[in-house]
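Q: Got a structure for you, written out below as structure tokens; questions coming shortly.
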Amino acid sequence: MNSSSLRYRFGETTLEFGRRTFIMAILNVTPDSFSDGGRFFDQTDAVLHAFQMAKDGADIIDVGGESTRPGAEQITAEEEKRRVIPVISKIVQKLKIPVSVDTCKSDVARDALKAGATIVNDITGLHGDPGMADAIAEAGASVVIMHIKGTPKDMQSNPRYDDLIHEVYDYLASAVEGARKRGITQIMIDPGIGFGKTPDHNLELINRLDEFRGIGVPILIGVSRKSFIGKILETPVESRLEGTAAAVAASILRGADIVRVHDVREMRRVALVADAIRRQGI
């Protein structure tokens, strides 16, 4: 099945993939994320920012309470829940758009889904916590399965591949098959830009993103403000807007269905133009 023919339902919202690219907005309720750590650690600030991102054109709000930047240390499930559950609860009370929880802990996922989230964005691709697939399936929720090599603490320590695309593809295809066997029906994949990848690996994944369409599920990609952009432009994280725009446009032209971004208003505009080019004549 081609992902462009899929309609996924998230609570009261249905997204039809293939008609346009959807915007997943990043909401880091953390003190130490690589780009905006600390800006929205206060729960009131986080909720207000979610409302603004929805106004700016977000289709999904992705709430994370644990930094996954290179070298990051894990926090406890209790601390992660303390950060994200109140924020998710308040967002779903006011907004009708889907809310995703960015976590690799099944205990956090269960509570987030009870609070109103409908998607679990798992950077371990269901490999990290043996209870994660069951938590998602039992709730009838959706999942984003991401590829990662190593863990956030060590993933950027000289990552190597014999065949990058083949290895990432097989990892994702196998994880999708496993998720379906566990009863999860709405699945998205993410090649994991920056998660155990060199800058050249990241560029190759973007350039060959269309090859992952063979897995038959929607493709999500997260390039926003990442270090490979900083290396190309020789700029710090706060000066990567234009580079992010270029990477988002390239990803859409190569087949991305969802782009995960910090700068919603600007990237929504980028997506509108890239979609018009990509789908011209369809």
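Each chain in the structure tokens gets a letter, A, B and so on, in the order shown; residues start at 1 in every chain, and ligands are counted from 1 in the order they appear.
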Can you tell me, as a list in words, what residues are no more than 10 Å from Val217 in chain A when counting only C-alpha atoms, ignoring any on the same chain fewer than 2 positions away?
A: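 Using only C-alpha atoms, the neighbours found are Met1, Asn2, Ser3, Ser4, Ser5, Leu6, Phe17, Ala173, Val176, Gln186, Ile187, Met188, Ile189, Phe212, Arg213, Gly214, Ile215, Ile219, Leu220 and Asp257 of chain A.
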Q: Store the residues of this selection in a file with N, CA and C atoms, as a PDB file, in the first residue's frame.
A:
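Contents of the output file out34.pdb:
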```pdb
ATOM      1  N   MET A   1       0.846  -1.202   0.000  1.00  0.00           N
ATOM      2  CA  MET A   1       0.000   0.000   0.000  1.00  0.00           C
ATOM      3  C   MET A   1       0.877   1.246   0.000  1.00  0.00           C
ATOM      4  N   ASN A   2       0.581   2.190  -0.866  1.00  0.00           N
ATOM      5  CA  ASN A   2       1.335   3.432  -0.918  1.00  0.00           C
ATOM      6  C   ASN A   2       0.836   4.375   0.159  1.00  0.00           C
ATOM      7  N   SER A   3       1.771   5.026   0.852  1.00  0.00           N
ATOM      8  CA  SER A   3       1.368   5.898   1.950  1.00  0.00           C
ATOM      9  C   SER A   3       0.514   7.065   1.478  1.00  0.00           C
ATOM     10  N   SER A   4       0.602   7.415   0.178  1.00  0.00           N
ATOM     11  CA  SER A   4      -0.173   8.548  -0.310  1.00  0.00           C
ATOM     12  C   SER A   4      -1.670   8.258  -0.363  1.00  0.00           C
ATOM     13  N   SER A   5      -2.059   6.999  -0.173  1.00  0.00           N
ATOM     14  CA  SER A   5      -3.477   6.639  -0.227  1.00  0.00           C
ATOM     15  C   SER A   5      -4.076   6.446   1.161  1.00  0.00           C
ATOM     16  N   LEU A   6      -3.335   6.765   2.205  1.00  0.00           N
ATOM     17  CA  LEU A   6      -3.776   6.470   3.565  1.00  0.00           C
ATOM     18  C   LEU A   6      -4.512   7.638   4.207  1.00  0.00           C
ATOM     19  N   PHE A  17      -3.062  11.499   3.862  1.00  0.00           N
ATOM     20  CA  PHE A  17      -1.702  11.647   3.346  1.00  0.00           C
ATOM     21  C   PHE A  17      -1.698  11.585   1.824  1.00  0.00           C
ATOM     22  N   ALA A 173      11.392  -1.170   8.256  1.00  0.00           N
ATOM     23  CA  ALA A 173      10.420  -2.135   7.723  1.00  0.00           C
ATOM     24  C   ALA A 173      10.153  -3.247   8.725  1.00  0.00           C
ATOM     25  N   VAL A 176       8.021  -1.840  11.584  1.00  0.00           N
ATOM     26  CA  VAL A 176       6.631  -1.667  11.156  1.00  0.00           C
ATOM     27  C   VAL A 176       5.905  -3.009  11.178  1.00  0.00           C
ATOM     28  N   GLN A 186      -2.017   2.279  12.820  1.00  0.00           N
ATOM     29  CA  GLN A 186      -1.615   3.562  12.240  1.00  0.00           C
ATOM     30  C   GLN A 186      -0.159   3.837  12.594  1.00  0.00           C
ATOM     31  N   ILE A 187       0.707   3.659  11.605  1.00  0.00           N
ATOM     32  CA  ILE A 187       2.150   3.702  11.822  1.00  0.00           C
ATOM     33  C   ILE A 187       2.781   4.707  10.877  1.00  0.00           C
ATOM     34  N   MET A 188       3.716   5.504  11.391  1.00  0.00           N
ATOM     35  CA  MET A 188       4.534   6.402  10.592  1.00  0.00           C
ATOM     36  C   MET A 188       5.992   6.076  10.841  1.00  0.00           C
ATOM     37  N   ILE A 189       6.860   6.385   9.874  1.00  0.00           N
ATOM     38  CA  ILE A 189       8.293   6.116  10.040  1.00  0.00           C
ATOM     39  C   ILE A 189       9.089   7.404   9.926  1.00  0.00           C
ATOM     40  N   PHE A 212      12.093   5.162   0.834  1.00  0.00           N
ATOM     41  CA  PHE A 212      11.399   4.605   1.993  1.00  0.00           C
ATOM     42  C   PHE A 212       9.897   4.488   1.768  1.00  0.00           C
ATOM     43  N   ARG A 213       9.406   4.999   0.659  1.00  0.00           N
ATOM     44  CA  ARG A 213       7.982   4.882   0.375  1.00  0.00           C
ATOM     45  C   ARG A 213       7.574   3.422   0.175  1.00  0.00           C
ATOM     46  N   GLY A 214       8.555   2.584  -0.145  1.00  0.00           N
ATOM     47  CA  GLY A 214       8.267   1.173  -0.315  1.00  0.00           C
ATOM     48  C   GLY A 214       7.761   0.497   0.941  1.00  0.00           C
ATOM     49  N   ILE A 215       7.986   1.083   2.088  1.00  0.00           N
ATOM     50  CA  ILE A 215       7.490   0.502   3.342  1.00  0.00           C
ATOM     51  C   ILE A 215       5.981   0.659   3.441  1.00  0.00           C
ATOM     52  N   ILE A 219       5.780   9.021   5.841  1.00  0.00           N
ATOM     53  CA  ILE A 219       7.156   9.326   6.231  1.00  0.00           C
ATOM     54  C   ILE A 219       7.200  10.661   6.953  1.00  0.00           C
ATOM     55  N   LEU A 220       7.742  10.644   8.160  1.00  0.00           N
ATOM     56  CA  LEU A 220       7.986  11.862   8.933  1.00  0.00           C
ATOM     57  C   LEU A 220       9.487  12.112   8.942  1.00  0.00           C
ATOM     58  N   ASP A 257       5.868  13.154   4.203  1.00  0.00           N
ATOM     59  CA  ASP A 257       4.448  13.399   4.448  1.00  0.00           C
ATOM     60  C   ASP A 257       4.228  14.324   5.640  1.00  0.00           C
TER      61      ASP A 257
END
```
Q: Can you pull out every residue within 12 Å of Asp111 in chain A, counting only C-alpha atoms, but drop anything in the same chain fewer than 4 positions away, and send it as a list in words?
A: Ala77, Glu78, Glu80, Lys81, Arg82, Arg83, Val84, Ile85, Pro86, Ile88, Ser89, Val101, Thr103, Lys105, Ser106, Asp107, Ala115, Gly116, Ala117, Thr118, Val120, Met132, Ala135, Ile136 and Ala139 of chain A
Q: Just the strand (DSSP E or B) stuff from range 78-135 of chain A, please, per backbone DSSP, written as a PyMOL selection string.
A: chain A and resi 99-102+119-122
Q: Write to file, as a compact mmCIF listing (two decimals), in the first residue's frame, the residues of the selection just made, with N, CA and C atoms.
A:
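Output file again-v3.txt is given in full below:
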```txt
# COMPACT_ATOMS: atom_id res chain seq x y z
N VAL A 99 -2.39 15.51 19.39
CA VAL A 99 -1.22 15.71 20.24
C VAL A 99 -0.43 14.41 20.28
N SER A 100 0.87 14.54 20.08
CA SER A 100 1.80 13.42 20.14
C SER A 100 2.66 13.56 21.39
N VAL A 101 3.04 12.44 21.97
CA VAL A 101 3.99 12.47 23.07
C VAL A 101 5.30 11.86 22.60
N ASP A 102 6.37 12.60 22.77
CA ASP A 102 7.70 12.18 22.35
C ASP A 102 8.37 11.50 23.55
N ILE A 119 -0.87 9.96 19.64
CA ILE A 119 0.31 9.46 18.92
C ILE A 119 1.46 9.33 19.91
N VAL A 120 2.24 8.26 19.76
CA VAL A 120 3.50 8.13 20.50
C VAL A 120 4.64 8.21 19.50
N ASN A 121 5.53 9.15 19.72
CA ASN A 121 6.70 9.36 18.88
C ASN A 121 7.90 8.76 19.62
N ASP A 122 8.29 7.55 19.22
CA ASP A 122 9.29 6.77 19.96
C ASP A 122 10.62 6.75 19.20
```
Q: Which parts of range 44-264 of chain A does DSSP call helix (DSSP H, G or I) when run on the backbone here, written out as number ranges by chain?
A: A: 44-56, 77-94, 106-115, 132-139, 164-181, 199-207, 209-215, 227-233, 237-239, 241-253, 264
Q: Which residues, written as a compact mmCIF listing (two decimals) with C-alpha atoms, in the first residue's frame, have at least one atom at most 8 Å from Ala249 in chain A, with only C-alpha atoms counted and residues fewer than 3 positions away on the same chain left out?
A:
```txt
# COMPACT_ATOMS: atom_id res chain seq x y z
CA ALA A 245 13.75 25.88 5.20
CA ALA A 246 15.98 24.42 2.49
CA ILE A 252 9.04 17.37 0.90
CA LEU A 253 10.19 17.14 -2.71
CA VAL A 270 7.79 26.55 2.89
CA ALA A 271 5.60 23.45 2.79
CA ALA A 274 7.15 22.82 -1.90
```
Q: From the options A:Leu205, A:Val237, A:Ile229, A:Ala250, which residue's atoms come nearest to Asp163 in chain A, counting only C-alpha atoms?
A: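 Ranking A:Leu205, A:Val237, A:Ile229, A:Ala250 by distance to Asp163 in chain A, first place goes to A:Leu205.
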Q: Enter the distance from CA of Asp263 in chain A to CA of Leu241 in chain A, in Å, rounded to one decimal.
A: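 So the answer is 7.8 Å.
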Q: List as a PyMOL selection string the protein and nucleic acid residues near Val87 in chain A, meaning an atom at most 8 Å away when only C-alpha atoms are counted, but skip any in the same chain fewer than 6 places from it.
A: chain A and resi 43-44+46-47
Q: With C-alpha atoms retained, export the selected residues as a PDB file, in the first residue's frame.
A:
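And here is the file that came out, part_13.pdb:
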```pdb
ATOM      1  CA  GLN A  43       4.027  24.684  31.906  1.00  0.00           C
ATOM      2  CA  THR A  44       2.020  27.859  31.329  1.00  0.00           C
ATOM      3  CA  ALA A  46       4.454  25.626  27.097  1.00  0.00           C
ATOM      4  CA  VAL A  47       0.674  25.618  26.752  1.00  0.00           C
TER       5      VAL A  47
END
```
Q: Please identify all polymer residues within 10 Å of Pro191 in chain A, counting only C-alpha atoms, omitting same-chain residues fewer than 5 positions from it, and present them as a short mmCIF file (atom, residue, chain, number, x, y, z; two decimals) with N, CA and C atoms, in the first residue's frame.
A:
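File written: out.cif
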```cif
data_model
loop_
_atom_site.label_atom_id
_atom_site.label_comp_id
_atom_site.auth_asym_id
_atom_site.auth_seq_id
_atom_site.Cartn_x
_atom_site.Cartn_y
_atom_site.Cartn_z
N ILE A 123 11.63 7.45 19.73
CA ILE A 123 12.91 7.53 19.02
C ILE A 123 13.62 6.18 18.96
N ILE A 145 7.67 5.45 14.34
CA ILE A 145 8.82 4.58 14.55
C ILE A 145 10.04 5.23 13.93
N MET A 146 11.01 5.57 14.76
CA MET A 146 12.21 6.25 14.27
C MET A 146 13.40 5.31 14.27
N HIS A 147 14.33 5.54 13.35
CA HIS A 147 15.59 4.81 13.35
C HIS A 147 16.61 5.56 14.20
N ILE A 148 17.32 4.82 15.03
CA ILE A 148 18.43 5.37 15.80
C ILE A 148 19.52 4.32 15.87
N ILE A 165 21.28 3.34 3.50
CA ILE A 165 19.86 3.29 3.14
C ILE A 165 19.30 1.90 3.38
N VAL A 168 18.93 1.32 7.27
CA VAL A 168 17.84 2.09 7.88
C VAL A 168 16.49 1.57 7.39
N TYR A 169 16.41 1.25 6.10
CA TYR A 169 15.17 0.73 5.52
C TYR A 169 14.77 -0.58 6.21
N TYR A 171 15.65 -1.78 9.11
CA TYR A 171 15.30 -1.52 10.51
C TYR A 171 13.86 -1.04 10.61
N LEU A 172 13.50 -0.06 9.79
CA LEU A 172 12.16 0.51 9.84
C LEU A 172 11.11 -0.47 9.35
N ASN A 202 23.06 12.22 6.92
CA ASN A 202 21.83 12.99 6.93
C ASN A 202 21.47 13.47 5.53
N LEU A 205 20.22 10.56 3.40
CA LEU A 205 18.86 10.16 3.77
C LEU A 205 17.82 11.11 3.19
N ILE A 206 18.08 12.40 3.25
CA ILE A 206 17.15 13.37 2.67
C ILE A 206 17.07 13.16 1.16
N LEU A 209 15.11 9.95 0.31
CA LEU A 209 13.96 9.70 1.18
C LEU A 209 12.85 8.96 0.46
N PHE A 212 12.09 5.16 0.83
CA PHE A 212 11.40 4.61 1.99
C PHE A 212 9.90 4.49 1.77
N ILE A 219 5.78 9.02 5.84
CA ILE A 219 7.16 9.33 6.23
C ILE A 219 7.20 10.66 6.95
N LEU A 220 7.74 10.64 8.16
CA LEU A 220 7.99 11.86 8.93
C LEU A 220 9.49 12.11 8.94
N ILE A 221 9.87 13.38 8.89
CA ILE A 221 11.29 13.70 8.97
C ILE A 221 11.49 14.93 9.84
N GLY A 222 12.56 14.90 10.63
CA GLY A 222 12.87 16.02 11.51
C GLY A 222 14.26 16.58 11.21
#
```
Q: Can you tell me which residues surround Leu48 in chain A at a distance of at most 12 Å, considering only C-alpha atoms, apart from same-chain residues fewer than 2 positions away, and format the answer as a count of residues only?
A: 21
Q: If you count only C-alpha atoms, which residues fall within 8 Å of Phe228 in chain A, apart from same-chain ones fewer than 5 positions away, as a list in words?
A: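 Counting only C-alpha atoms, the residues come to Gly194, Thr198, Pro199 and Asn202 of chain A.
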Q: When you count only C-alpha atoms, which of these residues is closest to Gly150 in chain A: A:Pro70, A:Ser224, A:Asp170, A:Lys96?
A: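 Smallest separation from Gly150 in chain A among the options: A:Pro70.
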